[in-house]
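See below for coords.txt, which holds compact mmCIF, C-alpha atoms.
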# COMPACT_ATOMS: atom_id res chain seq x y z
CA MET A 201 109.16 59.52 36.48
CA SER A 202 112.75 58.99 37.60
CA GLN A 203 112.93 62.49 39.16
CA VAL A 204 109.92 62.08 41.48
CA PRO A 205 111.64 60.18 44.35
CA GLY A 206 114.40 62.75 44.58
CA TRP A 207 111.93 65.55 44.91
CA LEU A 208 110.08 63.76 47.65
CA GLY A 209 113.34 63.17 49.53
CA ARG A 210 114.18 66.87 49.50
CA VAL A 211 110.70 67.79 50.79
CA GLY A 212 111.02 65.24 53.63
CA ALA A 213 114.45 66.53 54.62
CA GLY A 214 113.12 70.10 54.74
CA LEU A 215 110.18 69.05 56.94
CA THR A 216 112.56 67.24 59.27
CA GLN A 217 114.77 70.32 59.69
CA MET A 218 111.69 72.49 60.32
CA GLY A 219 110.49 70.11 63.08
CA GLU A 220 113.89 70.17 64.77
CA ARG A 221 113.89 73.99 64.81
CA LEU A 222 110.37 74.02 66.28
CA ASP A 223 111.46 71.63 69.06
CA GLU A 224 114.42 73.83 69.90
CA ARG A 225 112.20 76.90 70.04
CA ARG A 226 109.69 75.13 72.27
CA ALA A 227 112.46 74.10 74.66
CA GLU A 228 113.74 77.67 74.91
CA VAL A 229 110.25 78.98 75.69
CA GLU A 230 109.71 76.38 78.42
CA LYS A 231 113.07 77.20 79.97
CA GLU A 232 112.19 80.89 80.11
CA HIS A 233 108.91 80.10 81.88
CA ASP A 234 110.60 77.84 84.47
CA GLU A 235 113.22 80.35 85.54
CA PRO A 236 112.01 83.00 88.09
CA ALA A 237 111.90 86.58 87.00
CA PRO A 238 114.92 88.56 88.10
CA THR A 239 114.30 90.67 91.23
CA PRO A 240 115.17 94.30 90.74
CA PRO A 241 117.63 95.77 93.27
CA VAL A 242 116.20 97.36 96.40
CA ASP A 243 117.51 100.78 95.51
CA GLN A 244 115.63 100.62 92.18
CA VAL A 245 112.18 99.94 93.79
CA PRO A 246 110.13 103.11 93.44
CA ALA A 247 109.06 104.70 96.72
CA PRO A 248 105.32 105.21 97.37
CA PRO A 249 103.97 108.66 96.66
CA ALA A 250 103.87 111.23 99.44
CA TYR A 251 100.08 111.35 99.53
CA ALA A 252 99.78 107.59 100.17
CA PRO A 253 98.56 106.86 103.81
CA ASP A 254 100.72 104.87 106.18
CA VAL A 255 99.35 101.35 106.68
CA PRO A 256 100.35 100.03 110.16
CA ARG A 257 101.34 96.41 110.60
CA ARG A 258 98.43 94.28 111.71
CA PRO A 259 99.30 92.61 115.09
CA GLN A 260 98.95 88.92 115.74
CA PRO A 261 95.72 87.83 117.53
CA VAL A 262 97.67 86.85 120.66
CA GLU A 263 99.25 90.30 120.82
CA ALA A 264 95.84 91.96 120.52
CA VAL A 265 94.53 90.26 123.73
CA PRO A 266 95.43 92.22 126.91
CA TRP A 267 97.90 90.58 129.27
CA GLY A 268 95.46 90.47 132.17
CA MET A 269 92.83 88.72 130.07
CA ARG A 270 95.36 86.15 128.87
CA VAL A 271 96.38 85.42 132.46
CA ALA A 272 92.72 85.15 133.51
CA ALA A 273 91.98 82.76 130.64
CA GLU A 274 94.99 80.57 131.48
CA ALA A 275 93.97 80.44 135.15
CA GLY A 276 90.30 79.98 134.24
CA TRP A 277 90.59 76.79 132.23
CA ARG A 278 92.94 75.30 134.81
CA LEU A 279 90.43 76.10 137.55
CA LEU A 280 87.70 74.50 135.46
CA VAL A 281 89.75 71.32 135.09
CA LEU A 282 90.50 71.31 138.82
CA ALA A 283 86.84 71.91 139.71
CA GLY A 284 85.77 69.11 137.40
CA THR A 285 88.29 66.76 139.00
CA VAL A 286 87.12 67.65 142.51
CA TRP A 287 83.49 67.24 141.45
CA MET A 288 84.14 63.80 140.00
CA LEU A 289 86.07 62.85 143.14
CA MET A 290 83.17 63.93 145.32
CA ARG A 291 80.77 61.90 143.19
CA VAL A 292 82.93 58.82 143.55
CA ILE A 293 83.24 59.34 147.32
CA SER A 294 79.47 59.78 147.62
CA ALA A 295 78.93 56.54 145.69
CA VAL A 296 81.21 54.57 148.05
CA GLN A 297 80.68 56.75 151.11
CA LEU A 298 80.31 53.80 153.46
CA VAL A 299 83.63 52.27 152.39
CA VAL A 300 85.50 55.59 152.54
CA LEU A 301 84.21 56.49 156.01
CA SER A 302 84.96 52.99 157.30
CA PHE A 303 88.53 53.12 156.02
CA VAL A 304 89.13 56.62 157.37
CA SER A 305 87.72 55.57 160.75
CA ALA A 306 90.08 52.60 160.67
CA LEU A 307 92.98 54.96 160.02
CA LEU A 308 92.01 57.09 163.02
CA ILE A 309 91.66 54.03 165.28
CA THR A 310 94.96 52.65 163.97
CA ALA A 311 96.70 55.93 164.79
CA LEU A 312 95.37 55.58 168.35
CA LEU A 313 96.21 51.88 168.86
CA GLN A 314 99.47 51.59 166.88
CA PRO A 315 101.76 52.72 169.77
CA ALA A 316 100.44 49.84 171.88
CA VAL A 317 101.28 47.33 169.15
CA ALA A 318 104.76 48.81 168.77
CA ARG A 319 105.38 48.63 172.52
CA LEU A 320 104.23 45.01 172.77
CA THR A 321 106.42 44.11 169.80
CA ARG A 322 109.45 45.69 171.48
CA TYR A 323 108.73 43.57 174.56
CA GLY A 324 109.08 40.42 172.46
CA VAL A 325 105.40 39.66 171.80
CA PRO A 326 104.84 38.29 168.25
CA ARG A 327 103.36 40.86 165.94
CA GLY A 328 100.19 38.89 165.20
CA LEU A 329 99.46 38.34 168.89
CA ALA A 330 100.24 41.98 169.73
CA THR A 331 97.87 43.13 166.99
CA ALA A 332 95.09 40.81 168.16
CA MET A 333 95.47 41.83 171.82
CA THR A 334 95.46 45.54 171.05
CA ALA A 335 92.53 45.36 168.63
CA VAL A 336 90.40 43.23 170.94
CA PHE A 337 91.11 45.52 173.89
CA GLY A 338 90.33 48.65 171.89
CA PHE A 339 87.07 47.36 170.44
CA VAL A 340 85.95 45.95 173.80
CA VAL A 341 86.48 49.34 175.43
CA MET A 342 84.50 51.07 172.66
CA GLY A 343 81.71 48.51 172.97
CA LEU A 344 81.57 48.91 176.75
CA ILE A 345 81.27 52.68 176.39
CA GLY A 346 78.32 52.30 174.01
CA TRP A 347 76.67 49.71 176.25
CA PHE A 348 77.14 51.88 179.34
CA VAL A 349 75.52 54.91 177.70
CA THR A 350 72.57 52.84 176.49
CA TRP A 351 72.15 51.18 179.90
CA GLN A 352 72.21 54.50 181.75
CA VAL A 353 69.65 56.05 179.40
CA MET A 354 67.30 53.05 179.69
CA GLU A 355 67.65 52.96 183.48
CA ASN A 356 66.87 56.65 183.92
CA ILE A 357 64.33 57.15 181.15
CA ASP A 358 61.28 56.73 183.43
CA SER A 359 62.47 59.09 186.13
CA LEU A 360 63.78 61.46 183.51
CA SER A 361 60.35 61.59 181.86
CA GLY A 362 58.73 62.69 185.11
CA GLN A 363 61.49 65.22 185.77
CA ILE A 364 61.08 66.62 182.26
CA GLN A 365 57.33 67.05 182.81
CA ASP A 366 57.93 68.80 186.13
CA GLY A 367 60.61 70.93 184.50
CA ILE A 368 58.26 71.95 181.70
CA ASP A 369 55.63 73.00 184.23
CA GLU A 370 58.23 74.96 186.17
CA LEU A 371 59.50 76.56 182.96
CA ARG A 372 55.94 77.53 182.11
CA ARG A 373 55.43 79.17 185.50
CA TRP A 374 58.77 80.95 185.15
CA LEU A 375 57.76 82.32 181.75
CA LEU A 376 54.45 83.56 183.12
CA ASN A 377 56.18 85.37 186.01
CA SER A 378 59.19 86.53 184.00
CA PRO A 379 59.81 90.13 182.89
CA PHE A 380 59.22 89.08 179.27
CA HIS A 381 55.45 89.60 179.72
CA VAL A 382 54.51 86.19 178.36
CA THR A 383 50.82 85.41 178.82
CA ASP A 384 49.14 82.08 179.43
CA LYS A 385 47.52 82.28 175.99
CA GLN A 386 50.89 82.65 174.29
CA VAL A 387 52.32 79.67 176.19
CA ASN A 388 49.33 77.54 175.19
CA GLN A 389 49.72 78.67 171.58
CA ILE A 390 53.40 77.62 171.59
CA ALA A 391 52.46 74.20 172.96
CA LYS A 392 49.70 73.86 170.35
CA ASN A 393 52.12 74.74 167.55
CA LEU A 394 54.56 72.10 168.79
CA ARG A 395 51.81 69.46 168.84
CA ASN A 396 50.69 70.44 165.34
CA ALA A 397 54.27 70.26 164.07
CA VAL A 398 54.65 66.76 165.51
CA GLY A 399 51.32 65.68 164.03
CA ALA A 400 52.14 67.09 160.60
CA ASN A 401 55.45 65.25 160.55
CA THR A 402 54.05 61.94 161.81
CA GLU A 403 54.32 60.39 158.34
CA GLN A 404 57.94 61.44 158.00
CA ILE A 405 58.74 60.15 161.49
CA THR A 406 57.08 56.83 160.64
CA SER A 407 58.99 56.50 157.37
CA ALA A 408 62.21 57.31 159.20
CA GLY A 409 61.39 54.54 161.68
CA LEU A 410 60.77 52.09 158.83
CA GLU A 411 64.12 52.99 157.34
CA GLY A 412 65.78 52.21 160.65
CA VAL A 413 66.42 48.62 159.55
CA THR A 414 68.47 49.85 156.61
CA VAL A 415 70.37 52.21 158.86
CA VAL A 416 71.14 49.38 161.28
CA VAL A 417 72.39 47.14 158.46
CA GLU A 418 74.62 49.92 157.10
CA ALA A 419 75.94 50.66 160.59
CA LEU A 420 76.82 47.00 161.17
CA THR A 421 78.51 46.84 157.77
CA ALA A 422 80.53 49.96 158.53
CA ILE A 423 81.58 48.55 161.93
CA LEU A 424 82.75 45.27 160.38
CA LEU A 425 84.67 47.08 157.63
CA THR A 426 86.29 49.34 160.19
CA MET A 427 87.32 46.38 162.36
CA PHE A 428 88.84 44.41 159.48
CA SER A 429 90.62 47.47 158.09
CA THR A 430 92.02 48.28 161.53
CA LEU A 431 93.35 44.75 161.96
CA PHE A 432 95.13 44.76 158.61
CA LEU A 433 96.51 48.27 159.10
CA LEU A 434 97.87 47.37 162.52
CA TYR A 435 99.42 44.10 161.34
CA ASP A 436 100.52 44.88 157.76
CA GLY A 437 100.64 48.65 157.54
CA LYS A 438 104.27 48.78 156.39
CA ARG A 439 103.75 46.55 153.36
CA ILE A 440 100.51 48.36 152.49
CA TRP A 441 102.44 51.65 152.48
CA GLN A 442 105.22 50.19 150.32
CA TRP A 443 102.68 48.84 147.85
CA THR A 444 101.01 52.26 147.71
CA LEU A 445 104.35 53.86 146.86
CA LYS A 446 104.64 51.60 143.81
CA LEU A 447 101.53 53.26 142.37
CA VAL A 448 103.24 56.67 142.46
CA PRO A 449 105.27 57.73 139.38
CA ALA A 450 109.00 57.17 139.83
CA ALA A 451 109.80 60.88 139.49
CA ALA A 452 107.48 61.82 142.38
CA ARG A 453 108.16 58.76 144.54
CA PRO A 454 110.97 60.26 146.71
CA GLY A 455 108.83 63.24 147.68
CA VAL A 456 105.80 61.09 148.48
CA ALA A 457 107.99 58.67 150.45
CA GLY A 458 109.14 61.56 152.63
CA ALA A 459 105.68 63.15 152.95
CA GLY A 460 103.93 59.93 154.05
CA PRO A 461 105.66 59.50 157.44
CA ARG A 462 105.15 63.18 158.23
CA ALA A 463 101.46 62.90 157.38
CA TRP A 464 101.16 59.85 159.61
CA ARG A 465 102.84 61.64 162.51
CA THR A 466 100.43 64.56 162.08
CA LEU A 467 97.42 62.23 162.07
CA THR A 468 98.70 60.35 165.12
CA ALA A 469 99.32 63.58 167.03
CA TYR A 470 95.85 64.84 166.13
CA VAL A 471 94.06 61.67 167.24
CA ARG A 472 95.97 61.36 170.52
CA GLY A 473 95.58 65.05 171.32
CA THR A 474 91.87 65.02 170.49
CA VAL A 475 91.28 61.97 172.72
CA ILE A 476 93.10 63.63 175.63
CA VAL A 477 91.25 66.94 175.19
CA ALA A 478 87.88 65.17 174.86
CA LEU A 479 88.57 63.10 177.97
CA ILE A 480 89.45 66.21 179.99
CA ASP A 481 86.29 67.99 178.77
CA ALA A 482 84.11 65.02 179.66
CA ILE A 483 85.61 64.64 183.13
CA PHE A 484 85.41 68.29 184.17
CA ILE A 485 81.97 68.98 182.68
CA GLY A 486 80.68 65.66 184.02
CA VAL A 487 81.91 66.46 187.53
CA GLY A 488 80.39 69.93 187.32
CA ILE A 489 76.93 68.79 186.27
CA TYR A 490 77.09 65.93 188.79
CA PHE A 491 77.52 68.36 191.68
CA LEU A 492 74.70 70.46 190.19
CA HIS A 493 72.46 67.36 190.51
CA VAL A 494 71.72 67.19 186.79
CA PRO A 495 70.20 63.77 185.94
CA MET A 496 72.28 61.31 183.89
CA ALA A 497 75.52 63.17 184.49
CA VAL A 498 77.67 60.18 183.49
CA PRO A 499 75.90 59.49 180.14
CA LEU A 500 76.04 63.21 179.38
CA ALA A 501 79.78 63.17 180.08
CA VAL A 502 80.17 60.26 177.65
CA PHE A 503 78.18 62.18 175.03
CA ILE A 504 80.45 65.19 175.59
CA PHE A 505 83.50 62.93 175.07
CA LEU A 506 82.13 61.53 171.80
CA PHE A 507 80.91 64.88 170.47
CA SER A 508 84.30 66.46 171.15
CA PHE A 509 85.67 64.62 168.10
CA ILE A 510 83.61 67.01 165.94
CA PRO A 511 85.49 70.34 166.12
CA LEU A 512 83.47 73.42 167.10
CA VAL A 513 80.06 71.91 166.33
CA GLY A 514 80.45 68.96 168.68
CA ALA A 515 81.36 71.10 171.68
CA VAL A 516 78.39 73.40 171.09
CA ALA A 517 75.95 70.51 170.58
CA SER A 518 77.08 68.54 173.64
CA GLY A 519 77.10 71.65 175.84
CA ALA A 520 73.64 72.63 174.63
CA LEU A 521 72.37 69.12 175.39
CA ALA A 522 73.63 69.34 178.97
CA VAL A 523 72.09 72.80 179.42
CA VAL A 524 68.71 71.65 178.04
CA VAL A 525 68.62 68.61 180.35
CA ALA A 526 69.47 70.85 183.31
CA LEU A 527 66.79 73.36 182.27
CA VAL A 528 63.92 70.90 181.93
CA THR A 529 64.83 68.89 185.04
CA GLN A 530 66.34 71.32 187.58
CA GLY A 531 65.19 74.75 186.50
CA VAL A 532 66.62 77.97 185.13
CA PHE A 533 69.25 78.56 187.81
CA THR A 534 70.80 75.11 187.39
CA ALA A 535 70.73 75.56 183.62
CA ILE A 536 72.60 78.86 183.91
CA MET A 537 75.20 77.30 186.22
CA THR A 538 75.60 74.38 183.78
CA LEU A 539 76.12 76.85 180.95
CA ILE A 540 78.81 78.63 182.96
CA VAL A 541 80.60 75.32 183.63
CA VAL A 542 80.45 74.29 179.95
CA LEU A 543 81.70 77.66 178.71
CA ALA A 544 84.53 77.77 181.26
CA VAL A 545 85.77 74.29 180.37
CA GLN A 546 85.53 74.96 176.64
CA GLN A 547 87.44 78.24 176.97
CA ILE A 548 90.22 76.46 178.87
CA GLU A 549 90.22 73.77 176.19
CA GLY A 550 90.44 76.20 173.28
CA HIS A 551 93.10 78.50 174.71
CA VAL A 552 95.19 76.19 176.92
CA LEU A 553 94.69 72.49 176.26
CA GLN A 554 94.63 72.37 172.45
CA PRO A 555 97.70 74.60 171.88
CA PHE A 556 99.62 72.74 174.60
CA ILE A 557 98.62 69.15 173.72
CA LEU A 558 98.22 69.31 169.96
CA GLY A 559 101.09 71.73 169.45
CA ARG A 560 102.04 73.43 166.22
CA ALA A 561 102.21 70.20 164.22
CA VAL A 562 98.45 70.06 163.63
CA ARG A 563 97.54 73.71 164.08
CA VAL A 564 94.87 74.72 161.57
CA HIS A 565 93.42 78.20 161.15
CA PRO A 566 89.92 78.56 162.70
CA LEU A 567 88.47 79.64 159.34
CA ALA A 568 89.83 76.46 157.74
CA VAL A 569 88.30 74.44 160.59
CA VAL A 570 84.86 76.02 160.10
CA LEU A 571 84.90 75.61 156.32
CA SER A 572 86.22 72.05 156.43
CA VAL A 573 83.70 70.92 159.07
CA THR A 574 80.86 72.50 157.09
CA ALA A 575 81.99 70.95 153.81
CA GLY A 576 82.54 67.54 155.43
CA GLY A 577 79.10 67.64 157.00
CA MET A 578 77.48 68.55 153.66
CA VAL A 579 79.29 65.74 151.83
CA ALA A 580 79.10 62.89 154.35
CA GLY A 581 77.12 64.05 157.38
CA ILE A 582 78.53 63.55 160.87
CA GLY A 583 81.26 61.21 159.63
CA GLY A 584 82.46 63.80 157.16
CA ALA A 585 82.52 66.47 159.86
CA VAL A 586 84.63 64.19 162.08
CA VAL A 587 87.28 63.41 159.43
CA ALA A 588 87.36 66.88 157.83
CA VAL A 589 89.81 68.55 160.23
CA PRO A 590 92.38 65.71 160.36
CA LEU A 591 92.21 65.56 156.57
CA VAL A 592 92.95 69.28 156.32
CA ALA A 593 95.78 68.98 158.87
CA VAL A 594 97.37 66.07 156.98
CA THR A 595 96.99 67.87 153.64
CA ASN A 596 98.64 70.97 155.09
CA THR A 597 101.59 68.89 156.30
CA VAL A 598 101.98 67.07 152.97
CA VAL A 599 101.78 70.22 150.85
CA GLY A 600 104.27 72.05 153.06
CA TYR A 601 106.76 69.19 152.91
CA LEU A 602 106.43 68.74 149.13
CA ARG A 603 106.97 72.47 148.60
CA SER A 604 110.14 72.49 150.71
CA TYR A 605 111.33 69.24 149.10
CA ALA A 606 110.89 70.70 145.60
CA ALA A 607 112.74 73.89 146.56
CA THR A 608 115.59 71.92 148.14
CA THR A 609 115.87 69.60 145.15
CA ALA A 610 115.93 72.56 142.75
CA ALA A 611 118.65 74.24 144.79
CA ALA A 612 120.68 71.02 144.84
CA GLY A 613 120.28 70.69 141.06
CA ALA A 614 121.48 74.26 140.55
CA GLU A 615 124.55 73.63 142.72
CA GLY A 616 125.26 70.45 140.79
CA ALA A 617 125.06 72.32 137.48
CA GLU A 618 127.47 74.97 138.74
CA GLY A 619 129.83 72.25 139.93
CA ALA A 620 129.70 70.60 136.50
CA ALA A 621 130.41 73.91 134.73
CA GLU A 622 133.36 74.65 136.97
CA PRO A 623 135.71 71.63 137.09
CA ALA A 624 136.71 70.77 140.62
CA GLU A 625 140.27 70.18 141.72
CA PRO A 626 141.59 66.65 141.41
CA GLY A 627 140.63 64.51 144.40
CA THR A 628 137.72 66.74 145.49
CA PRO A 629 134.49 64.71 145.83
CA ARG A 630 131.35 66.09 144.19
CA PRO A 631 128.47 66.81 146.64
CA ALA A 632 125.61 64.37 146.30
CA VAL A 633 121.99 65.41 145.87
CA ALA A 634 120.95 63.37 148.88
CA GLU A 635 123.21 65.45 151.11
CA ALA A 636 121.79 68.69 149.76
CA THR A 637 118.23 67.48 150.29
CA GLY A 638 118.86 66.53 153.88
CA LYS A 639 119.25 62.82 153.01
CA THR A 640 115.55 62.52 152.41
CA ARG A 641 115.81 59.08 150.89
CA SER A 642 118.07 57.50 153.45
CA THR A 643 117.08 58.84 156.85
CA SER A 644 115.39 56.40 159.13
CA GLU A 645 113.17 59.19 160.42
CA ASP A 646 111.22 59.37 157.18
CA ALA A 647 111.09 55.66 156.44
CA PRO A 648 108.09 53.62 157.49
CA SER A 649 108.52 52.20 160.93
CA SER A 650 108.89 48.53 161.62
CA ASP A 651 105.62 48.40 163.52
CA GLY A 652 103.56 48.12 160.38
CA THR A 653 102.55 51.73 159.76
CA PRO A 654 104.39 54.81 158.62
CA ALA A 655 106.38 56.48 161.35
Transcribe the structure of this file into structure tokens.
Amino acid sequence: MSQVPGWLGRVGAGLTQMGERLDERRAEVEKEHDEPAPTPPVDQVPAPPAYAPDVPRRPQPVEAVPWGMRVAAEAGWRLLVLAGTVWMLMRVISAVQLVVLSFVSALLITALLQPAVARLTRYGVPRGLATAMTAVFGFVVMGLIGWFVTWQVMENIDSLSGQIQDGIDELRRWLLNSPFHVTDKQVNQIAKNLRNAVGANTEQITSAGLEGVTVVVEALTAILLTMFSTLFLLYDGKRIWQWTLKLVPAAARPGVAGAGPRAWRTLTAYVRGTVIVALIDAIFIGVGIYFLHVPMAVPLAVFIFLFSFIPLVGAVASGALAVVVALVTQGVFTAIMTLIVVLAVQQIEGHVLQPFILGRAVRVHPLAVVLSVTAGGMVAGIGGAVVAVPLVAVTNTVVGYLRSYAATTAAAGAEGAEGAAEPAEPGTPRPAVAEATGKTRSTSEDAPSSDGTPA
């Protein structure tokens, strides 16, 4: 019994040694698995057999798309974003069309009246009093023009009705005796069709008359908004412009600050030139139709003056109105002479007056005029057609200035980088960016004027 513990001790020692050897072996195996397999040298890699086909490298998806398609896709999504932005802008403008047209009308009136405020201020009149005097005078003149046209039409409506009836009878006799071989039956059929058209549209005419109250309310609202906006623009235009500049990002603020005065000068030149051209048209055409004994020559001249603010369309519409009145009241010969007078004056206007008075500052291509007037009329009716051309002229001025400003700034930055790379001689001043950009930020020409609106 005394030998049993010794035997057990030897067995335990042997088991302990066996466990230690197993742990060492396990550690060696794990170490072999953790280490990466050695990479054979490149020269020992076996080459593929000769009969194996060549597998070309598969290009990246971007490389597989043709260059033209990539350019078209890049331009396409940008055009989609731009079209979406323009569409949303048009929706917003349509929703607040009355406010937008009132403010734009106030801008046009301000461009016309602002020189008077500036002149009164230079003569020592306080700015508030100068603004009030100019605004009251301008709105009184506009109101008198409207009252005069209405008074003339109401005074001559009875005699004009009889003259129109006589003119229609004369026109009927002329058609029967004309070389167009128009018969009495055809003339009666035309008159019957006109009566049927009027009778079929009686409901629409009645509904339009019922909606007249709404139109009057909207017109009065637009007039009040235009008057208040004009007053504030005349009196406080400078601070309004400075506040607007604060909404522009700081990086783009210098360019916008230089483009604003140029845009204002373009708008002012357009409004003044258009008023002068319209006044000349109204005077010469009015004198011509007066000597031709066309009824209501003075109201027609006022209509021609007002319609001249709508480029292309206004001149055609006002001229056609004068020709129609001459036709139904004085006959075919007077109508032809009226047409000759209208065409002659409009040709002189288009080829002499507009290039001389408006100049190159607001010159817009005729295609741009047609497209802008059409688009403005589709978006906002007559008001949109009136403001379309000045908007295009101002946009053209702003874009041209920003393009030249960006090019000049880039050139100045390149010169500054070259000057930094090449150390100048001691005592030589480094050219400033403002000098290279024509001192855009410091010239008094580009700063808003002291009369309350941009120069």
List every protein, DNA or RNA residue that has an atom no more than 7 Å from (81.0, 73.3, 183.5) in the file's coordinate frame, counting all atoms listed in the file, and report them as a compact mmCIF listing (two decimals) with C-alpha atoms, keeping the file's coordinate frame.
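The file below, result_24.txt, is the result:
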# COMPACT_ATOMS: atom_id res chain seq x y z
CA PHE A 484 85.41 68.29 184.17
CA ILE A 485 81.97 68.98 182.68
CA GLY A 488 80.39 69.93 187.32
CA ILE A 489 76.93 68.79 186.27
CA THR A 538 75.60 74.38 183.78
CA LEU A 539 76.12 76.85 180.95
CA ILE A 540 78.81 78.63 182.96
CA VAL A 541 80.60 75.32 183.63
CA VAL A 542 80.45 74.29 179.95
CA LEU A 543 81.70 77.66 178.71
CA ALA A 544 84.53 77.77 181.26
CA VAL A 545 85.77 74.29 180.37
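The interatomic distance for the pair atom CA of A:Ala526 and atom CA of A:Val494 works out to 5.5 Å.
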Could you give me, as a tab-separated table, every stretch 561-619 of chain A residue with an atom at most 9 Å from stretch 291-312 of chain A, plus its closest atom pair and distance in Å to one decimal, counting only C-alpha atoms, rows ordered by chain then number?
residue	atom	partner	partner_atom	distance
A:Val579	CA	A:Ser294	CA	7.3
A:Ala580	CA	A:Gln297	CA	7.1
A:Gly583	CA	A:Leu301	CA	6.6
A:Gly584	CA	A:Leu301	CA	7.6
A:Val587	CA	A:Val304	CA	7.3
In terms of the shortest atom-to-atom distance over all atoms listed in the file, which of A:Gly458, A:Pro499, A:Met269, A:Thr529 is closest to A:Ser604?
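Of A:Gly458, A:Pro499, A:Met269, A:Thr529, the one nearest A:Ser604, counting all atoms listed in the file, is A:Gly458.
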Residue with smallest distance to A:Leu527 - pool A:Leu492, A:Ala568, A:Ala452, A:Leu434, counting all atoms listed in the file:
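Among the listed residues, the smallest separation from A:Leu527 belongs to A:Leu492.
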